[in-house]
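target25.txt follows (compact mmCIF, C-alpha atoms):
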```txt
# COMPACT_ATOMS: atom_id res chain seq x y z
CA MET A 1107 -269.57 33.74 -97.07
CA ILE A 1108 -267.27 34.24 -94.10
CA ASN A 1109 -266.43 37.91 -93.72
CA PHE A 1110 -263.41 39.57 -92.10
CA LYS A 1111 -265.15 40.12 -88.74
CA GLN A 1112 -265.97 36.41 -88.43
CA ILE A 1113 -262.34 35.48 -89.12
CA VAL A 1114 -261.11 37.87 -86.41
CA ILE A 1115 -263.60 36.46 -83.89
CA MET A 1116 -262.49 32.89 -84.69
CA LEU A 1117 -258.83 33.82 -84.15
CA LEU A 1118 -259.62 35.48 -80.82
CA LEU A 1119 -261.43 32.34 -79.68
CA LEU A 1120 -258.49 30.15 -80.71
CA ILE A 1121 -255.86 32.17 -78.81
CA PRO A 1122 -256.85 31.09 -75.26
CA ALA A 1123 -257.24 27.50 -76.47
CA THR A 1124 -253.67 27.38 -77.79
CA SER A 1125 -252.30 28.56 -74.44
CA LEU A 1126 -253.58 25.33 -72.88
CA ILE A 1127 -251.58 23.16 -75.29
CA CYS A 1128 -248.03 24.21 -74.35
CA GLN A 1129 -247.25 25.67 -70.95
CA VAL A 1130 -243.98 26.71 -69.39
CA ARG A 1131 -245.03 25.21 -66.06
CA ASP A 1132 -245.30 21.75 -67.63
CA ILE A 1133 -241.88 22.09 -69.29
CA LYS A 1134 -240.30 22.98 -65.93
CA GLU A 1135 -241.85 19.87 -64.37
CA ASP A 1136 -240.43 17.76 -67.20
CA ILE A 1137 -236.97 19.28 -66.60
CA LYS A 1138 -237.15 18.33 -62.91
CA ASN A 1139 -238.22 14.79 -63.79
CA ASP A 1140 -235.45 14.56 -66.39
CA LYS A 1141 -232.92 15.70 -63.78
CA SER A 1142 -234.05 13.16 -61.16
CA SER A 1143 -233.97 10.27 -63.65
CA THR A 1144 -230.47 11.29 -64.74
CA SER A 1145 -229.23 11.36 -61.13
CA SER A 1146 -230.50 7.84 -60.47
CA SER A 1147 -228.92 6.48 -63.65
CA LYS A 1148 -225.58 8.10 -62.74
CA SER A 1149 -225.70 6.45 -59.32
CA TYR A 1150 -226.20 3.03 -60.90
CA SER A 1151 -223.47 3.68 -63.47
CA SER A 1152 -220.90 4.68 -60.82
CA THR A 1153 -221.63 1.54 -58.80
CA TYR A 1154 -221.31 -0.66 -61.87
CA SER A 1155 -218.07 1.06 -62.94
CA SER A 1156 -216.43 0.63 -59.52
CA ASN A 1157 -217.14 -3.10 -59.62
CA ARG A 1158 -215.44 -3.44 -63.00
CA SER A 1159 -212.52 -1.03 -62.56
CA SER A 1160 -210.02 -3.62 -61.36
CA SER A 1161 -210.77 -6.11 -64.14
CA CYS A 1162 -210.75 -3.42 -66.87
CA TYR A 1163 -207.35 -2.18 -65.77
CA GLU A 1164 -205.89 -5.62 -66.32
CA ASP A 1165 -207.31 -5.75 -69.86
CA GLU A 1166 -205.11 -2.89 -71.11
CA SER A 1167 -202.75 -4.16 -73.78
CA PHE A 1168 -200.53 -3.26 -76.68
CA GLY A 1169 -203.67 -2.86 -78.80
CA ASP A 1170 -204.82 0.01 -76.59
CA TRP A 1171 -201.53 1.80 -77.19
CA ILE A 1172 -201.91 1.35 -80.96
CA ALA A 1173 -205.45 2.76 -80.82
CA GLY A 1174 -204.17 5.76 -78.88
CA GLU A 1175 -201.47 6.47 -81.46
CA ILE A 1176 -203.98 6.24 -84.31
CA PHE A 1177 -206.31 8.66 -82.53
CA TYR A 1178 -203.42 11.08 -81.93
CA GLY A 1179 -202.53 10.93 -85.62
CA ILE A 1180 -206.10 11.68 -86.66
CA VAL A 1181 -206.32 14.65 -84.29
CA LYS A 1182 -202.98 15.98 -85.53
CA GLY A 1183 -204.08 15.64 -89.17
CA VAL A 1184 -207.41 17.38 -88.56
CA GLY A 1185 -205.61 20.17 -86.72
CA PHE A 1186 -203.24 20.71 -89.65
CA VAL A 1187 -206.08 20.82 -92.20
CA THR A 1188 -208.04 23.24 -89.99
CA TYR A 1189 -205.03 25.54 -89.66
CA GLN A 1190 -204.53 25.58 -93.43
CA ALA A 1191 -208.21 26.30 -94.06
CA GLN A 1192 -208.28 29.16 -91.54
CA SER A 1193 -205.14 30.71 -93.01
CA ASN A 1194 -206.49 30.47 -96.56
CA VAL A 1195 -209.85 32.07 -95.66
CA LEU A 1196 -208.24 34.95 -93.77
CA GLU A 1197 -205.79 35.62 -96.60
CA ASN A 1198 -208.69 35.76 -99.09
CA ARG A 1199 -211.29 37.34 -96.83
CA ASP A 1200 -212.29 39.88 -99.51
CA ARG A 1201 -213.86 36.98 -101.42
CA TYR A 1202 -216.16 35.98 -98.54
CA PRO A 1203 -218.76 38.32 -96.97
CA ASN A 1204 -218.88 38.78 -93.19
CA ILE A 1205 -215.88 36.51 -92.65
CA ILE A 1206 -214.59 38.76 -89.82
CA SER A 1207 -217.32 40.55 -87.89
CA PHE A 1208 -219.07 41.13 -84.58
CA GLU A 1209 -222.86 40.89 -84.46
CA ALA A 1210 -225.45 41.81 -81.85
CA GLY A 1211 -229.16 41.26 -82.22
CA LEU A 1212 -232.50 41.33 -80.47
CA ASP A 1213 -235.58 39.48 -81.63
CA TRP A 1214 -239.00 38.97 -80.15
CA GLY A 1215 -241.34 36.15 -81.10
CA THR A 1216 -244.99 35.48 -80.43
CA THR A 1217 -247.71 32.88 -80.95
CA PHE A 1218 -250.24 35.47 -79.66
CA SER A 1219 -250.53 33.46 -76.42
CA GLU A 1220 -246.83 32.78 -75.72
CA ASN A 1221 -243.82 35.03 -76.26
CA THR A 1222 -240.08 34.61 -76.54
CA LEU A 1223 -237.19 37.08 -76.24
CA ASN A 1224 -233.69 36.39 -77.60
CA PRO A 1225 -230.91 39.00 -77.31
CA SER A 1226 -227.67 37.59 -78.75
CA VAL A 1227 -224.05 38.33 -79.67
CA ARG A 1228 -221.81 36.54 -82.15
CA LEU A 1229 -218.13 36.76 -83.09
CA ASN A 1230 -217.02 35.57 -86.55
CA TRP A 1231 -213.33 35.00 -87.27
CA GLY A 1232 -212.52 33.11 -90.44
CA ILE A 1233 -213.92 29.59 -90.37
CA PHE A 1234 -214.65 29.87 -86.64
CA ALA A 1235 -217.40 31.63 -84.72
CA SER A 1236 -218.90 31.73 -81.23
CA ASP A 1237 -222.58 32.47 -80.62
CA PHE A 1238 -224.10 33.46 -77.26
CA ARG A 1239 -227.73 34.28 -76.49
CA TYR A 1240 -230.20 34.72 -73.67
CA SER A 1241 -233.45 32.84 -74.22
CA GLU A 1242 -236.70 33.56 -72.40
CA LEU A 1243 -239.99 31.76 -73.02
CA MET A 1244 -243.09 33.31 -71.44
CA ASP A 1245 -246.74 32.34 -71.10
CA ASN A 1246 -249.56 32.63 -68.55
CA THR A 1247 -247.96 29.98 -66.30
CA GLY A 1248 -244.48 31.47 -65.94
CA ARG A 1249 -241.10 31.97 -67.59
CA LEU A 1250 -238.39 29.58 -68.78
CA ARG A 1251 -235.00 31.31 -68.97
CA SER A 1252 -231.65 29.98 -70.18
CA TRP A 1253 -228.19 30.97 -71.40
CA ASP A 1254 -227.40 29.27 -74.73
CA TRP A 1255 -223.77 29.27 -75.85
CA GLN A 1256 -222.52 27.65 -79.02
CA VAL A 1257 -218.92 27.77 -77.86
CA LEU A 1258 -217.33 26.74 -81.15
CA VAL A 1259 -218.98 27.06 -84.55
CA VAL A 1260 -217.09 25.83 -87.62
CA ARG A 1261 -218.08 27.59 -90.86
CA VAL A 1262 -217.41 26.34 -94.38
CA PRO A 1263 -217.56 29.34 -96.77
CA ILE A 1264 -218.63 28.69 -100.37
CA LYS A 1265 -218.75 32.11 -102.07
CA ASN A 1266 -221.88 33.80 -100.60
CA LEU A 1267 -222.95 30.70 -98.67
CA LYS A 1268 -221.62 29.40 -95.36
CA ILE A 1269 -222.43 25.99 -93.87
CA ASN A 1270 -222.18 25.94 -90.06
CA TYR A 1271 -221.78 23.27 -87.39
CA GLY A 1272 -221.47 24.16 -83.71
CA ILE A 1273 -221.15 22.59 -80.27
CA GLY A 1274 -221.94 24.11 -76.89
CA PHE A 1275 -224.49 23.97 -74.11
CA THR A 1276 -227.66 25.49 -72.70
CA SER A 1277 -227.86 26.40 -69.01
CA ILE A 1278 -231.38 26.72 -67.56
CA LEU A 1279 -231.77 29.19 -64.70
CA ASP A 1280 -234.91 27.82 -62.99
CA PRO A 1281 -234.93 24.90 -62.43
CA VAL A 1282 -231.13 24.76 -62.55
CA GLU A 1283 -230.04 22.27 -65.22
CA SER A 1284 -227.64 22.10 -68.16
CA TYR A 1285 -227.62 20.22 -71.46
CA PHE A 1286 -225.04 19.80 -74.19
CA GLU A 1287 -226.35 21.38 -77.38
CA SER A 1288 -225.31 21.11 -81.03
CA SER A 1289 -226.33 23.14 -84.05
CA THR A 1290 -226.12 23.15 -87.82
CA GLY A 1291 -227.26 25.70 -90.36
CA PHE A 1292 -226.45 28.12 -93.15
CA ASP A 1293 -225.85 31.83 -93.85
CA LEU A 1294 -226.68 33.18 -97.30
CA ASN A 1295 -225.56 36.71 -98.25
CA LEU A 1296 -227.06 38.39 -101.33
CA ILE A 1297 -226.92 41.82 -103.02
CA ASN A 1298 -223.49 42.64 -101.54
CA SER A 1299 -224.67 41.35 -98.14
CA LYS A 1300 -227.59 43.79 -98.00
CA LEU A 1301 -230.04 40.88 -98.02
CA ASN A 1302 -229.22 37.95 -95.72
CA PHE A 1303 -230.96 34.68 -94.91
CA ASN A 1304 -230.09 32.47 -91.95
CA GLY A 1305 -231.29 28.99 -91.08
CA ASN A 1306 -230.37 27.08 -87.93
CA TYR A 1307 -231.28 23.79 -86.26
CA ARG A 1308 -230.38 23.22 -82.58
CA TRP A 1309 -230.79 20.05 -80.58
CA THR A 1310 -229.80 19.09 -77.05
CA LYS A 1311 -228.21 15.81 -76.05
CA ARG A 1312 -230.61 13.26 -74.59
CA LYS A 1313 -230.52 12.61 -70.85
CA SER A 1314 -233.64 10.45 -71.01
CA ASP A 1315 -235.99 9.19 -73.74
CA GLU A 1316 -236.74 12.69 -75.09
CA ARG A 1317 -234.57 15.72 -75.81
CA TYR A 1318 -235.04 18.81 -73.68
CA ARG A 1319 -235.31 21.03 -76.76
CA GLN A 1320 -235.15 21.03 -80.53
CA GLU A 1321 -235.33 24.28 -82.46
CA VAL A 1322 -235.56 25.27 -86.11
CA LYS A 1323 -235.20 28.97 -86.90
CA VAL A 1324 -235.22 30.79 -90.25
CA THR A 1325 -234.74 34.56 -90.52
CA GLY A 1326 -234.15 37.20 -93.16
CA ASP A 1327 -232.71 40.69 -92.71
CA PHE A 1328 -232.11 43.68 -94.96
CA THR A 1329 -229.48 46.36 -94.31
CA VAL A 1330 -230.96 49.85 -93.97
CA ILE A 1331 -227.90 51.58 -92.47
CA ASN A 1332 -224.47 50.96 -94.00
CA ASN A 1333 -221.75 53.26 -92.71
CA GLY A 1334 -218.64 51.46 -93.88
CA THR A 1335 -218.13 48.91 -91.12
CA PHE A 1336 -221.34 49.66 -89.19
CA HIS A 1337 -224.54 47.98 -90.38
CA VAL A 1338 -228.10 47.94 -89.01
CA SER A 1339 -230.68 45.50 -90.36
CA PRO A 1340 -234.32 44.90 -89.39
CA MET A 1341 -235.13 41.19 -89.24
CA ILE A 1342 -238.19 38.95 -89.58
CA GLY A 1343 -238.53 35.19 -89.38
CA CYS A 1344 -240.14 32.19 -87.74
CA THR A 1345 -239.07 29.70 -85.07
CA TYR A 1346 -240.31 26.21 -84.27
CA GLN A 1347 -239.47 24.78 -80.83
CA GLU A 1348 -240.20 21.37 -79.34
CA TYR A 1349 -239.67 20.50 -75.67
CA PHE A 1350 -239.49 16.85 -74.52
CA GLY A 1351 -241.29 15.73 -77.67
CA LYS A 1352 -244.70 17.03 -76.57
CA HIS A 1353 -244.61 20.82 -76.08
CA HIS A 1354 -244.66 22.60 -79.44
CA TYR A 1355 -244.32 26.29 -80.32
CA LEU A 1356 -244.36 28.15 -83.63
CA PHE A 1357 -243.26 31.77 -83.22
CA LEU A 1358 -243.35 34.69 -85.62
CA ASN A 1359 -240.19 36.74 -85.04
CA ALA A 1360 -239.27 40.39 -85.53
CA GLY A 1361 -236.21 42.33 -84.43
CA PHE A 1362 -232.96 43.86 -85.62
CA LYS A 1363 -229.26 43.09 -86.04
CA ILE A 1364 -226.20 45.30 -85.66
CA ARG A 1365 -223.00 44.19 -87.35
CA LEU A 1366 -219.47 45.59 -87.13
CA GLY A 1367 -217.26 44.52 -90.01
CA LYS A 1368 -216.83 44.81 -93.75
CA ASN A 1369 -219.23 43.13 -96.17
```

Structure encoded using structure tokens:
Amino acid sequence: MINFKQIVIMLLLLIPATSLICQVRDIKEDIKNDKSSTSSSKSYSSTYSSNRSSSCYEDESFGDWIAGEIFYGIVKGVGFVTYQAQSNVLENRDRYPNIISFEAGLDWGTTFSENTLNPSVRLNWGIFASDFRYSELMDNTGRLRSWDWQVLVVRVPIKNLKINYGIGFTSILDPVESYFESSTGFDLNLINSKLNFNGNYRWTKRKSDERYRQEVKVTGDFTVINNGTFHVSPMIGCTYQEYFGKHHYLFLNAGFKIRLGKN
């Protein structure tokens, strides 16, 4: 029979081995390669576009004008529906938890050989939100730091559940590079918003064959301080990250959230 001491020894032996699988240094090299390949493709594209610009200009026709009018009509219709939805949610905000709030959080994750740190802030206003975080990935080869901003998040509230879709970007500090990033997920509020579950999937736009990053994160938090509009909640969860399709991380997360706003 395998006893507890043997299990601990096996885990300690596995920790240094896992650090060889995914390394920040290798990810940084992939970012540099991704950047150089993008620059060369842009150079080819600009040359090709300049050669065709004169002929394309002559191809503009009445059909292009019709297409433009149709697009304008669609945008106008979507804008009207969005305005009506926002007005309705704000007028009935007592029916939806955390519909207007400001949140700040800090969570730390570990694989026992790599670590991540994610302080964040978020503003919720009706069906819209904006989410900003600092992301730092650390291992024995270095640090990968970035600013991740989901500039506009659209939320669809269904009683205690909200479905989210966001667009934004991630800006890497070293090496300097930026990627468009999208997200989708959910917020589930239970027991008068004392118990909350959040799930989120982020993915960057491809600049080459593989995406810079994909991330799946699931967390749960429970309110321990509730002073009217001031709430403090410890949080636990897990995060899976993939970089360029070959560097994989699975973090266990712990931290806390502070929220200003009514439940």

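Interatomic distance, CA of Leu1294 (chain A) against CA of Pro1263 (chain A): 9.9 Å.
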
Of the candidates A:Pro1225, A:Gly1215, A:Gly1361, A:Gly1367, which shows the shortest atom-to-atom distance to Arg1239 (chain A), using only C-alpha atoms?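 For Arg1239 (chain A), the nearest of the candidates is A:Pro1225.
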
Atomic distance CA of Ser1207 (chain A) - CA of Val1227 (chain A), expressed in Å with one decimal: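 These atoms are spaced 10.9 Å apart.
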
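CA of Gly1211 (chain A) lies 20.2 Å from CA of Asn1298 (chain A).
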
Do a neighbour search on Lys1311 (chain A) at 7 Å with only C-alpha atoms, toss out local chain neighbours closer than 2 positions, and write the hits as a PyMOL selection string. chain A and resi 1285-1287+1309+1313+1317

Residues proximal to (-238.8, 35.2, -65.7) were defined as those with any atom within 12 Å of that point in the file's coordinates, counting all atoms listed in the file. Which are they, as a list in words?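 I get Val1130, Arg1131, Asn1221, Thr1222, Leu1223, Tyr1240, Ser1241, Glu1242, Leu1243, Met1244, Asp1245, Asn1246, Thr1247, Gly1248, Arg1249, Leu1250, Arg1251, Ser1252, Ile1278, Leu1279, Asp1280 and Pro1281 of chain A for the residues within 12 Å of that point.
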
Using only C-alpha atoms for the distances, tell me which of A:Gly1291, A:Gly1305, A:Pro1203, A:Gly1351 is nearest to Ile1264 (chain A).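 The shortest atom-to-atom distance to Ile1264 (chain A) comes from A:Pro1203.
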
Report as a ChimeraX atom specification all protein, DNA and RNA residues lying within 12 Å of Gly1272 (chain A), evaluated on all atoms listed in the file, omitting residues in the same chain fewer than 3 positions from it. /A:1233-1238,1254-1262,1269,1275,1286-1292,1306-1310

Would you put the residues from that selection into a file with C-alpha atoms, as a compact mmCIF listing (two decimals), in the frame of the given file?
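Writing the result to part38.txt gives the following:
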```txt
# COMPACT_ATOMS: atom_id res chain seq x y z
CA ILE A 1233 -213.92 29.59 -90.37
CA PHE A 1234 -214.65 29.87 -86.64
CA ALA A 1235 -217.40 31.63 -84.72
CA SER A 1236 -218.90 31.73 -81.23
CA ASP A 1237 -222.58 32.47 -80.62
CA PHE A 1238 -224.10 33.46 -77.26
CA ASP A 1254 -227.40 29.27 -74.73
CA TRP A 1255 -223.77 29.27 -75.85
CA GLN A 1256 -222.52 27.65 -79.02
CA VAL A 1257 -218.92 27.77 -77.86
CA LEU A 1258 -217.33 26.74 -81.15
CA VAL A 1259 -218.98 27.06 -84.55
CA VAL A 1260 -217.09 25.83 -87.62
CA ARG A 1261 -218.08 27.59 -90.86
CA VAL A 1262 -217.41 26.34 -94.38
CA ILE A 1269 -222.43 25.99 -93.87
CA PHE A 1275 -224.49 23.97 -74.11
CA PHE A 1286 -225.04 19.80 -74.19
CA GLU A 1287 -226.35 21.38 -77.38
CA SER A 1288 -225.31 21.11 -81.03
CA SER A 1289 -226.33 23.14 -84.05
CA THR A 1290 -226.12 23.15 -87.82
CA GLY A 1291 -227.26 25.70 -90.36
CA PHE A 1292 -226.45 28.12 -93.15
CA ASN A 1306 -230.37 27.08 -87.93
CA TYR A 1307 -231.28 23.79 -86.26
CA ARG A 1308 -230.38 23.22 -82.58
CA TRP A 1309 -230.79 20.05 -80.58
CA THR A 1310 -229.80 19.09 -77.05
```
